[in-house]
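Contents: one structure, followed by commentary.
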Amino acid sequence: MRRRLGSSGLTITPLALGTMTWGHPVDRHDAADHLAAFVDAGCSLVDTAYGYGGGDAETILGSLLGSRVPRDEVLLCSKAGISRESGDRVVDVSRRTLMSQLDTSLRRLGTDHVDLWLVHTWSDDAPLAETLSALEWAASTGRARYVGVSNYNGWQTARAFSLLEQSRVPLVVNEIEYSLVERSPEVEVVGAAVALGVGLLAWSPLGRGVLTGKYRSGTPAGSRGASADFPGFAERFLGADARSVADAVTTAARGLQCRPAEVALAWVRDRPGVGAPVVGVRTEAQLRSALASLDLVLPPEITAALDDVSAG
């Protein structure tokens with residue numbers, strides 16, 4: 001069930017639990033239940049970030065480590081470089097800010113290290129060598145066991161890899177948006193990652209919820225698309241092209257006697273270079289569906305049909 005993340009020695013289960021909605025709408029009680037069920041199912045990689053929920057996501061996760069699940073049964077992945085403390089989205093990947101945010105994350109999480117620490121996004125406002133020096137510092141001080149990046153394109157990934165290689169600090173992962181309705185990583189990111197041995201984590205593998213089928217006849221109340229906390233979250237995938245992909249996923253799920261989410265997760269899980277999709281859940285039913293995808297093997301003809309309908 002476990003697989004190596006890229007060419008590193010780190011092994012993970014091919015499903016990660018995202019925490020972007022922890023704090024609101026997912027409260028501490030539900031988060032505790034989700035985390036316990038996730039770990040009980042044999043999974044371990046939990047993805048969070050300094051900026052999620054204004055810090056609430058990391059604080060909640062930290063309160064559950066040791067009390068609800070053992071720390072050593074969880075692989076912690078956190079990210080730094082994006083904050084919303086002022087109410088606006090602020091990107092700052094300077095060495096000073098990244099180092100400060102990691103130490104804050106560790107305090108919130110109640111641990112002396114994370115297993116993966118990523119620069120949350122690219123920015124031209126700081127030299128790349130300076131940004132990467134924070135990753136070197138995190139690895140050399142033991143604050144992070146492995147380091148990586150997030151939302152880097154192909155050349156950015158390759159350049160970061162080569163600069164870190166000079167310091168003998170491996171770049172092990174790039175966390176990117178990747179799904180049946182967001183296949184742009186295949187243009188250059190996937191090829192670069194596979195060639196360099198950099199693993200991929202796929203965020204929003206359900207196309208911001210569109211691939212579950214719930215948006216096929218409108219935007220349902222209670223969904224992220226209707227939430228004031230995530231304005232416009234699903235909007236870019238509500239057009240005719242994405243709807244045809246969602247219809248194909250639903251048809252495949254009907255034939256396989258499973259849920260559409262399971263099909264979408266299994267598809268992205270098995271793409272070249274992907275270590276795991278990162279799935280955020282609001283309900284226990286959504287978590288059960290995500291966990292069920294681990295046992296789903298898509299027949300080659302269904303994979304080919306989904307490739308065709310989602311191409312371009």
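Residue numbers start at 1 in each chain; chains themselves are named A, B, ... in the order of the structure tokens; ligands are numbered from 1 in the order shown.
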
Expected answer as number ranges by chain: alpha helix (DSSP H) residues in stretch 143-202 of chain A:
A: 154-166, 185-196

Residues within 10 Å of stretch 146-154 of chain A, only C-alpha atoms, excluding chain neighbours under 5 positions, as a PyMOL selection string
chain A and resi 8-10+77-80+114-123+132+134-136+138-139+159-161+164+169-177+184-193+198-203

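Contact shell of A:Ser105 at 10 Å (only C-alpha atoms; same-chain neighbours under 6 positions omitted): Thr48, Ala49, Tyr50, Gly51, Gly55, Glu58, Thr59, Gly62, Ser78, Lys79, Ala80, Met99, Thr111, Asp112, His113 and Val114 of chain A.
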
Expected file: the selected residues, N, CA and C atoms, as a short mmCIF file (atom, residue, chain, number, x, y, z; two decimals), in the first residue's frame:
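This went into part-v1.cif:
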```cif
data_model
loop_
_atom_site.label_atom_id
_atom_site.label_comp_id
_atom_site.auth_asym_id
_atom_site.auth_seq_id
_atom_site.Cartn_x
_atom_site.Cartn_y
_atom_site.Cartn_z
N THR A 48 -0.91 20.29 5.90
CA THR A 48 -1.41 21.53 6.48
C THR A 48 -0.54 22.68 5.99
N ALA A 49 -0.73 23.87 6.56
CA ALA A 49 0.06 25.03 6.16
C ALA A 49 -0.05 26.12 7.21
N TYR A 50 0.96 26.96 7.26
CA TYR A 50 0.98 28.08 8.20
C TYR A 50 -0.27 28.94 8.06
N GLY A 51 -0.72 29.16 6.82
CA GLY A 51 -1.82 30.08 6.59
C GLY A 51 -3.20 29.49 6.64
N GLY A 55 -4.14 29.89 11.01
CA GLY A 55 -3.38 29.16 12.03
C GLY A 55 -4.20 28.12 12.76
N GLU A 58 -3.37 24.24 11.95
CA GLU A 58 -2.20 23.67 12.64
C GLU A 58 -2.45 23.54 14.14
N THR A 59 -3.13 24.51 14.73
CA THR A 59 -3.40 24.45 16.17
C THR A 59 -4.29 23.26 16.50
N GLY A 62 -2.26 20.06 16.03
CA GLY A 62 -1.33 19.88 17.14
C GLY A 62 -2.00 19.38 18.40
N SER A 78 3.82 20.47 6.26
CA SER A 78 3.33 21.84 6.37
C SER A 78 4.03 22.71 5.34
N LYS A 79 3.47 23.89 5.14
CA LYS A 79 3.97 24.82 4.11
C LYS A 79 4.05 26.22 4.70
N ALA A 80 4.91 27.04 4.12
CA ALA A 80 5.06 28.42 4.58
C ALA A 80 5.21 29.33 3.37
N MET A 99 11.48 31.23 7.82
CA MET A 99 12.02 30.68 9.07
C MET A 99 11.10 30.98 10.24
N THR A 111 5.37 20.04 18.17
CA THR A 111 6.39 19.06 17.81
C THR A 111 7.68 19.80 17.49
N ASP A 112 8.79 19.06 17.50
CA ASP A 112 10.07 19.71 17.20
C ASP A 112 10.46 19.57 15.73
N HIS A 113 9.63 18.85 14.96
CA HIS A 113 9.95 18.73 13.53
C HIS A 113 8.70 18.36 12.74
N VAL A 114 8.73 18.70 11.45
CA VAL A 114 7.74 18.18 10.51
C VAL A 114 8.46 17.22 9.59
#
```

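Here atom CA of A:Ala37 is placed at a distance of 20.3 Å from atom CA of A:Leu206.
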
May I have the residues within 7 Å of stretch 302-312 of chain A as a PyMOL selection string, using only C-alpha atoms and disregarding those fewer than 6 positions away in the same chain?
chain A and resi 180-181+245+248+252+267

12 Å contact set for A:Gly87, only C-alpha atoms, chain neighbours under 5 positions out, as a PyMOL selection string
chain A and resi 51+53-54+82+229

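Of the residues under consideration (A:Thr11, A:His24, A:Leu65, A:Ala57), A:Leu65 shows the shortest atom-to-atom contact distance to A:Val39 when counting only C-alpha atoms.
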
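Here atom CA of A:Leu17 is placed at a distance of 6.4 Å from atom CA of A:Leu45.
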